[in-house]
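Structure file data-v1.cif; described as mmCIF, C-alpha atoms.
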data_my_file
#
loop_
_atom_site.label_atom_id
_atom_site.label_comp_id
_atom_site.auth_asym_id
_atom_site.auth_seq_id
_atom_site.Cartn_x
_atom_site.Cartn_y
_atom_site.Cartn_z
CA MET A 1 0.00 0.00 0.00
CA ILE A 2 1.24 3.47 -0.87
CA ARG A 3 0.13 6.22 1.52
CA VAL A 4 -0.16 9.67 -0.03
CA ALA A 5 -0.64 12.68 2.25
CA ALA A 6 -1.74 15.90 0.59
CA VAL A 7 -2.84 19.44 1.37
CA GLY A 8 -3.14 22.72 -0.51
CA ASP A 9 -4.00 26.33 0.18
CA ILE A 10 -1.86 26.65 3.26
CA HIS A 11 -1.48 30.38 2.55
CA PHE A 12 1.56 30.46 4.80
CA GLY A 13 2.64 33.77 6.27
CA ASP A 14 4.48 35.13 9.26
CA ASP A 15 1.31 34.86 11.32
CA THR A 16 0.96 31.11 10.68
CA ARG A 17 4.56 30.23 11.60
CA GLY A 18 4.65 27.19 13.88
CA ASN A 19 0.98 26.24 13.34
CA LEU A 20 1.67 23.30 11.04
CA ARG A 21 5.00 21.96 12.25
CA PRO A 22 3.53 19.88 15.13
CA HIS A 23 1.14 18.16 12.71
CA TRP A 24 3.61 17.73 9.87
CA SER A 25 6.26 16.26 12.15
CA ARG A 26 3.93 13.23 12.55
CA LEU A 27 3.55 12.64 8.80
CA ARG A 28 5.94 9.71 8.73
CA GLU A 29 3.53 7.71 10.90
CA CYS A 30 0.84 7.78 8.25
CA ALA A 31 2.34 8.67 4.84
CA ASP A 32 5.08 7.72 2.38
CA VAL A 33 4.98 10.99 0.45
CA PHE A 34 3.57 14.47 1.08
CA LEU A 35 2.01 16.41 -1.80
CA LEU A 36 1.39 20.17 -1.67
CA SER A 37 -1.19 21.41 -4.14
CA GLY A 38 -0.37 25.11 -4.43
CA ASP A 39 -1.09 28.40 -2.65
CA LEU A 40 1.68 27.43 -0.33
CA THR A 41 2.34 31.07 0.59
CA ASN A 42 -0.11 33.94 0.89
CA LEU A 43 1.79 36.48 -1.23
CA GLY A 44 4.58 34.54 -2.91
CA ASN A 45 7.43 36.54 -1.44
CA ARG A 46 10.81 35.47 -0.12
CA ALA A 47 9.94 35.89 3.57
CA GLN A 48 6.88 33.67 3.36
CA ALA A 49 8.60 31.03 1.22
CA THR A 50 11.51 30.95 3.68
CA ALA A 51 9.16 30.61 6.66
CA LEU A 52 7.31 27.77 4.94
CA ALA A 53 10.56 26.04 4.00
CA GLU A 54 11.55 26.17 7.66
CA GLU A 55 8.18 24.68 8.67
CA LEU A 56 8.61 21.88 6.12
CA ARG A 57 11.91 20.81 7.65
CA ALA A 58 9.80 18.87 10.19
CA VAL A 59 8.57 16.55 7.42
CA GLU A 60 10.41 13.24 7.23
CA VAL A 61 8.97 11.91 3.95
CA PRO A 62 9.58 13.20 0.40
CA VAL A 63 7.71 16.44 -0.29
CA VAL A 64 6.46 17.24 -3.80
CA ALA A 65 4.68 20.50 -4.65
CA VAL A 66 3.09 22.62 -7.31
CA LEU A 67 2.68 26.36 -6.90
CA GLY A 68 -0.67 28.15 -6.87
CA ASN A 69 -1.88 31.60 -7.94
CA HIS A 70 -0.99 33.16 -4.57
CA ASP A 71 2.60 31.96 -5.01
CA TYR A 72 2.74 34.11 -8.17
CA HIS A 73 1.37 37.29 -6.56
CA ALA A 74 4.74 38.95 -5.84
CA GLY A 75 5.87 38.14 -9.38
CA GLU A 76 8.62 35.84 -8.13
CA PRO A 77 7.42 32.26 -8.53
CA GLU A 78 10.92 31.15 -9.48
CA LEU A 79 12.23 32.53 -6.20
CA VAL A 80 9.53 30.68 -4.24
CA ARG A 81 10.45 27.55 -6.12
CA ARG A 82 14.18 27.93 -5.41
CA VAL A 83 13.64 28.58 -1.70
CA LEU A 84 11.47 25.47 -1.36
CA GLU A 85 13.82 23.34 -3.42
CA ARG A 86 16.74 24.35 -1.21
CA ALA A 87 14.71 22.88 1.67
CA GLY A 88 14.41 19.58 -0.21
CA VAL A 89 10.93 20.10 -1.71
CA ARG A 90 10.57 18.97 -5.33
CA VAL A 91 8.50 21.60 -7.15
CA LEU A 92 6.86 20.47 -10.40
CA GLU A 93 5.52 22.63 -13.23
CA GLY A 94 4.68 20.59 -16.29
CA GLU A 95 7.14 18.02 -15.01
CA SER A 96 7.10 14.57 -13.47
CA MET A 97 9.15 12.57 -11.00
CA THR A 98 9.33 9.00 -9.76
CA LEU A 99 9.57 7.71 -6.20
CA GLN A 100 10.42 4.16 -5.12
CA ILE A 101 8.32 3.07 -2.17
CA ALA A 102 8.91 -0.47 -0.89
CA GLY A 103 9.63 -1.82 -4.36
CA ILE A 104 6.68 -0.01 -5.95
CA THR A 105 7.16 2.95 -8.27
CA LEU A 106 4.97 6.00 -7.83
CA GLY A 107 5.00 8.63 -10.55
CA ILE A 108 3.87 12.17 -9.83
CA ALA A 109 3.06 14.62 -12.60
CA GLY A 110 2.57 18.19 -11.44
CA ALA A 111 1.30 21.43 -12.91
CA LYS A 112 -0.41 24.49 -11.48
CA GLY A 113 -3.05 24.43 -14.21
CA PHE A 114 -5.28 27.44 -14.78
CA GLY A 115 -8.90 28.54 -15.20
CA GLY A 116 -11.12 28.65 -18.26
CA GLY A 117 -14.27 26.87 -17.17
CA PHE A 118 -15.98 23.64 -17.97
CA ALA A 119 -17.54 22.13 -21.07
CA GLY A 120 -20.63 24.09 -22.05
CA ALA A 121 -19.63 27.15 -20.01
CA CYS A 122 -16.02 27.93 -20.77
CA GLY A 123 -13.79 30.48 -22.39
CA HIS A 124 -12.27 30.11 -25.86
CA ALA A 125 -9.07 31.39 -27.44
CA PHE A 126 -11.08 33.77 -29.59
CA GLY A 127 -11.32 37.52 -30.00
CA GLU A 128 -9.12 39.89 -28.06
CA PRO A 129 -5.46 39.02 -27.49
CA GLU A 130 -6.06 39.07 -23.72
CA MET A 131 -8.71 36.37 -24.03
CA LYS A 132 -6.49 34.30 -26.29
CA SER A 133 -3.59 34.65 -23.84
CA PHE A 134 -5.80 33.54 -20.96
CA MET A 135 -6.95 30.40 -22.72
CA TRP A 136 -3.52 29.61 -24.12
CA VAL A 137 -2.17 29.43 -20.58
CA THR A 138 -4.80 26.77 -19.82
CA GLU A 139 -4.15 24.91 -23.04
CA ARG A 140 -0.40 24.87 -22.43
CA ALA A 141 -0.89 23.66 -18.86
CA ALA A 142 -3.13 20.82 -20.08
CA LEU A 143 -0.65 19.80 -22.78
CA GLU A 144 2.23 19.82 -20.31
CA LEU A 145 0.22 17.82 -17.79
CA GLU A 146 -0.61 15.20 -20.42
CA ALA A 147 3.00 14.98 -21.60
CA SER A 148 4.37 14.68 -18.07
CA LEU A 149 1.90 11.89 -17.24
CA ARG A 150 2.77 10.06 -20.44
CA GLU A 151 6.48 10.05 -19.65
CA LEU A 152 5.80 8.13 -16.43
CA HIS A 153 6.15 4.35 -16.73
CA THR A 154 5.53 3.69 -13.08
CA ASP A 155 3.27 1.27 -11.24
CA TYR A 156 1.00 4.10 -10.08
CA ARG A 157 0.57 7.66 -11.27
CA VAL A 158 -0.76 10.66 -9.39
CA ALA A 159 -1.48 14.06 -10.93
CA LEU A 160 -0.87 17.07 -8.70
CA LEU A 161 -2.59 20.35 -9.61
CA HIS A 162 -3.65 23.61 -8.03
CA TYR A 163 -6.67 24.37 -10.27
CA SER A 164 -9.48 21.85 -10.51
CA PRO A 165 -9.94 19.56 -13.51
CA VAL A 166 -13.62 18.88 -12.76
CA LYS A 167 -16.76 20.67 -11.58
CA ASP A 168 -17.61 18.00 -8.99
CA THR A 169 -15.05 19.28 -6.50
CA LEU A 170 -16.23 22.87 -6.95
CA ALA A 171 -19.76 22.16 -5.69
CA GLY A 172 -20.33 24.71 -2.94
CA GLU A 173 -18.50 27.50 -4.74
CA ARG A 174 -20.52 30.17 -6.57
CA LEU A 175 -21.23 29.10 -10.14
CA GLU A 176 -20.14 32.52 -11.43
CA ILE A 177 -16.53 31.88 -10.40
CA PHE A 178 -16.16 28.34 -11.77
CA PRO A 179 -14.15 29.58 -14.80
CA PHE A 180 -11.59 31.02 -12.36
CA LEU A 181 -11.34 27.78 -10.41
CA GLY A 182 -10.41 25.28 -13.08
CA SER A 183 -10.78 23.92 -16.56
CA TYR A 184 -12.13 20.80 -18.20
CA ARG A 185 -9.00 20.83 -20.38
CA LEU A 186 -7.09 19.50 -17.37
CA ALA A 187 -9.52 16.57 -17.02
CA GLU A 188 -9.18 15.89 -20.74
CA ALA A 189 -5.41 15.66 -20.28
CA LEU A 190 -5.82 13.30 -17.33
CA ASP A 191 -8.21 11.08 -19.24
CA ARG A 192 -6.01 10.96 -22.33
CA ALA A 193 -2.84 10.05 -20.46
CA GLY A 194 -4.37 8.15 -17.54
CA ALA A 195 -3.75 8.41 -13.79
CA ASP A 196 -4.79 6.66 -10.61
CA LEU A 197 -5.60 9.81 -8.68
CA ALA A 198 -5.70 13.56 -9.25
CA ILE A 199 -5.27 16.00 -6.40
CA HIS A 200 -5.95 19.72 -6.42
CA GLY A 201 -6.74 22.68 -4.18
CA HIS A 202 -7.84 26.28 -4.90
CA ALA A 203 -11.56 25.76 -4.18
CA HIS A 204 -11.83 26.53 -0.47
CA ASN A 205 -15.60 26.19 -0.45
CA GLY A 206 -15.77 23.27 -2.86
CA ALA A 207 -16.38 19.56 -2.32
CA HIS A 208 -13.99 16.76 -1.41
CA LYS A 209 -14.55 14.21 -4.17
CA GLY A 210 -15.05 14.05 -7.91
CA LEU A 211 -14.40 11.96 -10.99
CA THR A 212 -13.16 12.74 -14.47
CA PRO A 213 -15.41 11.59 -17.33
CA ARG A 214 -13.28 8.44 -17.61
CA GLY A 215 -13.47 7.75 -13.90
CA ILE A 216 -10.18 9.00 -12.48
CA PRO A 217 -10.76 9.91 -8.81
CA VAL A 218 -10.25 13.62 -8.11
CA ARG A 219 -9.75 14.96 -4.59
CA ASN A 220 -9.83 18.58 -3.43
CA VAL A 221 -7.40 18.97 -0.53
CA ALA A 222 -7.69 22.74 0.07
CA MET A 223 -6.92 23.12 3.78
CA PRO A 224 -9.92 25.37 4.47
CA LEU A 225 -12.10 22.59 3.05
CA ILE A 226 -10.52 19.51 4.66
CA LYS A 227 -9.97 21.40 7.94
CA ARG A 228 -6.91 19.26 8.63
CA PRO A 229 -3.17 19.80 8.25
CA PHE A 230 -3.30 17.13 5.48
CA ALA A 231 -5.47 14.34 4.08
CA VAL A 232 -4.23 10.80 3.48
CA PHE A 233 -5.09 8.55 0.55
CA THR A 234 -3.99 4.94 0.18
CA LEU A 235 -3.30 3.21 -3.11
CA ASP A 236 -3.81 -0.53 -2.85
CA THR A 237 -0.73 -2.21 -4.35
CA ASP A 238 -2.18 -5.74 -4.49
CA THR A 239 -2.82 -5.27 -8.20
CA VAL A 240 0.74 -4.22 -8.99
CA ARG A 241 1.69 -7.56 -10.59
CA ASP A 242 -1.30 -7.41 -12.97
CA ARG A 243 -0.41 -3.84 -13.84
CA ARG A 244 3.16 -4.79 -14.69
CA THR A 245 1.92 -7.59 -16.92
CA VAL A 246 -0.40 -5.23 -18.73
CA ARG A 247 2.27 -2.57 -19.21
CA GLY A 248 5.35 -4.74 -19.72
CA GLY A 249 3.65 -7.43 -21.81
CA HIS A 250 1.85 -4.95 -24.02
CA ALA A 251 -1.15 -7.21 -23.58
CA VAL A 252 -3.49 -4.30 -24.14
CA GLU A 253 -3.13 -0.77 -25.35
CA PRO A 254 -1.94 1.38 -22.44
CA HIS A 255 -4.86 2.49 -20.25
CA ALA A 256 -7.38 0.68 -22.46
CA ALA A 257 -8.37 -1.42 -19.46
CA ALA A 258 -9.96 1.59 -17.81
CA ARG A 259 -12.11 2.51 -20.76
CA PRO A 260 -15.82 1.92 -20.36
CA MET B 1 -28.71 53.00 -1.86
CA GLU B 2 -29.07 49.28 -2.60
CA LEU B 3 -27.35 49.73 -5.97
CA GLU B 4 -24.56 51.66 -4.29
CA TYR B 5 -24.11 48.81 -1.81
CA GLN B 6 -23.50 46.38 -4.66
CA TYR B 7 -20.52 48.47 -5.77
CA LEU B 8 -19.32 48.83 -2.21
CA VAL B 9 -19.43 45.07 -1.67
CA GLY B 10 -17.31 44.65 -4.80
CA LYS B 11 -14.80 47.25 -3.58
CA LEU B 12 -14.59 45.61 -0.15
CA GLN B 13 -14.03 42.14 -1.62
CA GLU B 14 -11.28 43.58 -3.79
CA ALA B 15 -9.69 45.18 -0.73
CA LEU B 16 -9.89 41.95 1.29
CA ALA B 17 -8.15 40.13 -1.55
CA SER B 18 -5.40 42.71 -2.04
CA ASP B 19 -4.71 43.87 1.54
CA THR B 20 -1.51 42.11 2.56
CA ARG B 21 -2.79 41.54 6.09
CA VAL B 22 -5.71 39.46 4.79
CA ASN B 23 -5.30 38.40 1.14
CA ALA B 24 -8.48 36.35 1.22
CA GLN B 25 -10.54 35.90 -1.91
CA ASP B 26 -13.26 33.81 -0.34
CA ILE B 27 -14.69 36.06 2.36
CA ARG B 28 -18.40 36.58 1.75
CA VAL B 29 -19.54 40.15 2.20
CA VAL B 30 -23.22 40.74 2.90
CA VAL B 31 -24.68 44.18 3.54
CA THR B 32 -28.00 43.92 5.29
CA GLY B 33 -29.86 45.67 8.11
CA GLY B 34 -27.45 48.58 7.81
CA CYS B 35 -24.44 46.36 8.71
CA ILE B 36 -21.58 44.74 6.82
CA HIS B 37 -21.36 41.01 7.59
CA LEU B 38 -18.06 39.26 6.91
CA ILE B 39 -18.67 35.53 6.58
CA GLY B 40 -16.21 32.69 6.08
CA GLU B 41 -13.02 31.30 7.49
CA VAL B 42 -9.45 32.63 7.79
CA SER B 43 -6.21 31.03 8.95
CA THR B 44 -5.35 33.20 11.95
CA PRO B 45 -6.92 35.56 14.51
CA GLU B 46 -4.71 38.33 13.06
CA ARG B 47 -6.26 37.92 9.61
CA ARG B 48 -9.73 37.94 11.21
CA SER B 49 -9.08 41.27 12.98
CA ALA B 50 -7.46 42.77 9.91
CA ALA B 51 -10.57 41.94 7.85
CA SER B 52 -12.65 44.13 10.19
CA GLU B 53 -10.13 46.96 9.86
CA VAL B 54 -10.19 46.71 6.07
CA ALA B 55 -14.01 46.77 6.06
CA ALA B 56 -14.10 49.81 8.34
CA ALA B 57 -11.59 51.61 6.12
CA VAL B 58 -13.35 50.85 2.85
CA LEU B 59 -16.89 51.42 4.12
CA PRO B 60 -16.51 54.00 6.91
CA GLY B 61 -19.52 54.66 9.08
CA ILE B 62 -21.18 51.30 8.46
CA PRO B 63 -21.05 48.88 11.42
CA VAL B 64 -19.07 45.68 10.77
CA ARG B 65 -20.26 42.30 12.04
CA ASN B 66 -17.25 40.03 11.81
CA GLU B 67 -18.60 36.49 11.54
CA LEU B 68 -15.32 35.04 10.31
CA THR B 69 -14.07 31.95 12.11
CA VAL B 70 -10.45 30.92 12.49
CA LEU B 71 -9.60 27.59 10.89
CA ASP B 72 -9.25 24.85 13.48
CA LEU B 73 -7.03 22.05 12.17
CA GLY B 74 -8.12 19.54 14.81
CA GLY B 75 -5.89 16.98 16.48
CA GLY B 76 -4.67 13.53 15.53
CA ASN B 77 -3.82 12.10 12.15
CA PRO B 78 -6.66 12.00 9.60
CA GLU B 79 -8.35 8.74 8.70
CA PRO B 80 -6.85 7.51 5.40
CA GLU B 81 -9.17 7.19 2.41
CA PRO B 82 -8.57 4.12 0.22
CA ILE B 83 -8.50 4.93 -3.50
CA ALA B 84 -9.75 2.09 -5.69
CA THR B 85 -6.99 0.91 -7.99
CA GLY B 86 -7.42 -1.76 -10.62
CA LEU B 87 -5.54 -2.11 -13.86
CA PRO B 88 -3.79 1.02 -15.17
CA ARG B 89 -6.10 3.94 -15.78
#

Let me see the structure of the file written as structure tokens.
Amino acid sequence: MIRVAAVGDIHFGDDTRGNLRPHWSRLRECADVFLLSGDLTNLGNRAQATALAEELRAVEVPVVAVLGNHDYHAGEPELVRRVLERAGVRVLEGESMTLQIAGITLGIAGAKGFGGGFAGACGHAFGEPEMKSFMWVTERAALELEASLRELHTDYRVALLHYSPVKDTLAGERLEIFPFLGSYRLAEALDRAGADLAIHGHAHNGAHKGLTPRGIPVRNVAMPLIKRPFAVFTLDTDTVRDRRTVRGGHAVEPHAAARP
Amino acid sequence: MELEYQYLVGKLQEALASDTRVNAQDIRVVVTGGCIHLIGEVSTPERRSAASEVAAAVLPGIPVRNELTVLDLGGGNPEPEPIATGLPR
């Protein structure tokens, strides 16, 4: 069994210093990896990133993160990334990584994602340059997410996002702001490439659980929603031998087994 | 006056999002009964107090009812949720 702890929307600042350390120092008891789904800092400045990096030193399992919109606010996302990486956090943006956990490989593909809305009520790259730019950011994020999932040849694959790929996990938010909370293009990327689990944050007033159209479980781990310092998900590894046969033996087209 | 309030609510939400002491985009602002109600949850008591100060500065002269709660993270490790895994998705 692989145990995945995850949380997003920590919005860390000077005034939250020390709040999470006591909880995070116990992570090893219940998790093999800790995923952070963006909005790690409140303003995305050096002071807050440094304070968070210090807080994360209590964590004794690998930490993998994506940034969120708040981490871009000061215009220095690269600085936030560097500060966290110096503390041993792996920050992903359209990238993937592999962890070995008790002989099982876990692949993590990460991207912040972006807004745009959901099928039937979404923006299009049409008209003014500003609108095109907005939607191109989403399209690029979806393409990078798909590519980074496809490059993983691991036993299990988890997608880590800040913005939501589905509407299910936004239930509770005002409908008017859905296009600012996520995009169906991210779900399309997940369904094309395949994954065992997708994790996101951003929707503080949303819902915990959702599914992509092809049935990939989606979980919203925004801290204001889960009201915990992290959530834990377990991936049952009993099926790992069958998975390796399917992948290694090319018995079926990759991911075809999950198709309806 | 009601129309004016709609603009004021917008201005206050903008201020709550951009003020560096709060930076919260999900505080609900309701103006009713001659009062501003701030509804939602913030991470710290400091952010809760600052939200009142921002409201008073943006909408002076209107009483503020701060109904924000401070996020309580609870104790103990969370119960793990099993994710169904079959053949590769």

Would you tabulate, counting all atoms listed in the file, all residues of chain B that have an atom at most 12 Å from an atom of chain A, showing the closest pair of atoms and their distance in Å to one decimal, sorted by chain then ascending number, as CSV?
residue,atom,partner,partner_atom,distance
B:Ala17,CA,A:Asn42,CA,10.4
B:Ser18,CA,A:Leu43,CA,9.5
B:Asp19,CA,A:Leu43,CA,10.2
B:Thr20,CA,A:Leu43,CA,7.5
B:Arg21,CA,A:Asp15,CA,9.4
B:Val22,CA,A:Asn42,CA,8.8
B:Asn23,CA,A:Asn42,CA,6.8
B:Ala24,CA,A:Asn42,CA,8.7
B:Gln25,CA,A:His204,CA,9.6
B:Asp26,CA,A:His204,CA,7.4
B:Ile27,CA,A:Asn205,CA,10.3
B:Arg28,CA,A:Arg174,CA,10.7
B:Gly40,CA,A:Asn205,CA,9.2
B:Glu41,CA,A:Pro224,CA,7.3
B:Val42,CA,A:Pro224,CA,8.0
B:Ser43,CA,A:Thr16,CA,7.4
B:Thr44,CA,A:Thr16,CA,6.8
B:Pro45,CA,A:Asp15,CA,8.9
B:Glu46,CA,A:Asp15,CA,7.2
B:Arg47,CA,A:Asp15,CA,8.3
B:Arg48,CA,A:Asp15,CA,11.5
B:Ala50,CA,A:Asp15,CA,11.9
B:Thr69,CA,A:Pro224,CA,10.9
B:Val70,CA,A:Pro224,CA,9.8
B:Leu71,CA,A:Pro224,CA,6.8
B:Asp72,CA,A:Lys227,CA,6.6
B:Leu73,CA,A:Arg228,CA,4.5
B:Gly74,CA,A:Arg228,CA,6.3
B:Gly75,CA,A:His23,CA,8.1
B:Gly76,CA,A:His23,CA,7.9
B:Asn77,CA,A:Cys30,CA,7.5
B:Pro78,CA,A:Ala231,CA,6.1
B:Glu79,CA,A:Val232,CA,7.0
B:Pro80,CA,A:Val232,CA,4.6
B:Glu81,CA,A:Phe233,CA,4.7
B:Pro82,CA,A:Thr234,CA,4.7
B:Ile83,CA,A:Leu235,CA,5.5
B:Ala84,CA,A:Leu235,CA,7.0
B:Thr85,CA,A:Asp236,CA,6.2
B:Gly86,CA,A:Thr239,CA,6.3
B:Leu87,CA,A:Arg243,CA,5.4
B:Pro88,CA,A:His255,CA,5.4
B:Arg89,CA,A:His255,CA,4.9

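Compared by their closest atoms to Ala198 of chain A, and using all atoms listed in the file, the residues A:Leu186, A:Cys122, A:Arg86, A:Ala65 rank with A:Leu186 nearest.
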
Residue contacts of Gly115 of chain A (6 Å, all atoms listed in the file) excluding same-chain residues fewer than 2 positions away, as a PyMOL selection string
chain A and resi 117+179-183

Selection: 10 Å around Arg81 of chain A, only C-alpha atoms, excl. self and same-chain fewer than 6 positions, as a list in words
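The residues that qualify are Gly44, Arg46, Ala49, Ala65, Val66, Leu67, Asp71, Val89, Arg90, Val91, Leu92 and Glu93 of chain A.
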
Atom CA of Leu40 of chain A to atom CA of Ala142 of chain A: how many Å, to one decimal?
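Atom-to-atom, atom CA of Leu40 of chain A and atom CA of Ala142 of chain A are spaced 21.4 Å apart.
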
Need the shell around His37 of chain B: protein/DNA/RNA residues with any atom at most 12 Å away, counting all atoms listed in the file. Skip same-chain ones fewer than 4 positions apart. Format as a PDB file with C-alpha atoms, in the frame of the given file?
ATOM      1  CA  VAL B   9     -19.430  45.070  -1.670  1.00  0.00           C
ATOM      2  CA  LEU B  12     -14.590  45.610  -0.150  1.00  0.00           C
ATOM      3  CA  GLN B  13     -14.030  42.140  -1.620  1.00  0.00           C
ATOM      4  CA  ILE B  27     -14.690  36.060   2.360  1.00  0.00           C
ATOM      5  CA  ARG B  28     -18.400  36.580   1.750  1.00  0.00           C
ATOM      6  CA  VAL B  29     -19.540  40.150   2.200  1.00  0.00           C
ATOM      7  CA  VAL B  30     -23.220  40.740   2.900  1.00  0.00           C
ATOM      8  CA  VAL B  31     -24.680  44.180   3.540  1.00  0.00           C
ATOM      9  CA  THR B  32     -28.000  43.920   5.290  1.00  0.00           C
ATOM     10  CA  GLY B  33     -29.860  45.670   8.110  1.00  0.00           C
ATOM     11  CA  ALA B  51     -10.570  41.940   7.850  1.00  0.00           C
ATOM     12  CA  SER B  52     -12.650  44.130  10.190  1.00  0.00           C
ATOM     13  CA  ALA B  55     -14.010  46.770   6.060  1.00  0.00           C
ATOM     14  CA  ALA B  56     -14.100  49.810   8.340  1.00  0.00           C
ATOM     15  CA  LEU B  59     -16.890  51.420   4.120  1.00  0.00           C
ATOM     16  CA  ILE B  62     -21.180  51.300   8.460  1.00  0.00           C
ATOM     17  CA  PRO B  63     -21.050  48.880  11.420  1.00  0.00           C
ATOM     18  CA  VAL B  64     -19.070  45.680  10.770  1.00  0.00           C
ATOM     19  CA  ARG B  65     -20.260  42.300  12.040  1.00  0.00           C
ATOM     20  CA  ASN B  66     -17.250  40.030  11.810  1.00  0.00           C
ATOM     21  CA  GLU B  67     -18.600  36.490  11.540  1.00  0.00           C
ATOM     22  CA  LEU B  68     -15.320  35.040  10.310  1.00  0.00           C
TER      23      LEU B  68
END

Residue with smallest distance to Ser25 of chain A - pool A:Glu85, A:Glu146, A:Glu55, A:Glu78, counting only C-alpha atoms:
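For Ser25 of chain A, the nearest of the given residues is A:Glu55.
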
Gap from atom CA of Met97 of chain A to atom CA of Thr41 of chain A - Å, one decimal
22.9 Å

From (-16.6, 28.1, -12.6), in the file's coordinates, out to 12 Å: which residues are reached, counting all atoms listed in the file? Answer as a PyMOL selection string.
chain A and resi 114-123+163-184+202-203+206

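Comparing A:Arg21, A:His153, A:Ala159, A:Gln48 by their smallest distance to Ile104 of chain A, the closest is A:His153 (using only C-alpha atoms).
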
Which residues fall under the PyMOL selection byres ((chain A and resi 201) around 6) in this file, as an NGL selection string?
:A and (8 or 37 or 162 or 200 or 202-203 or 220-222)

I'd like the residues picked by the PyMOL selection byres ((chain A and resi 145) around 10) written out as a list in words, using the chain letters and numbers from the file.
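Applying the expression gives Glu93, Gly94, Glu95, Ser96, Ala109, Gly110, Ala111, Lys112, Gly113, Glu139, Arg140, Ala141, Ala142, Leu143, Glu144, Glu146, Ala147, Ser148, Leu149, Arg150, Ala159, Leu160, Leu161, Leu186, Ala187, Ala189, Leu190 and Ala193 of chain A.
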
Find the smallest box with edges along x, y and z containing every listed atom of segment 35-40 of chain B, then add 5 Å on each side and report centre and edge lengths in Å to one decimal, as AutoDock Vina command-line options.
--center_x -20.3 --center_y 39.5 --center_z 7.4 --size_x 18.2 --size_y 23.7 --size_z 12.6

So how far away is atom CA of Gly68 of chain A from atom CA of Ile199 of chain A, in Å?
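Separation between atom CA of Ile199 of chain A and atom CA of Gly68 of chain A: 13.0 Å.
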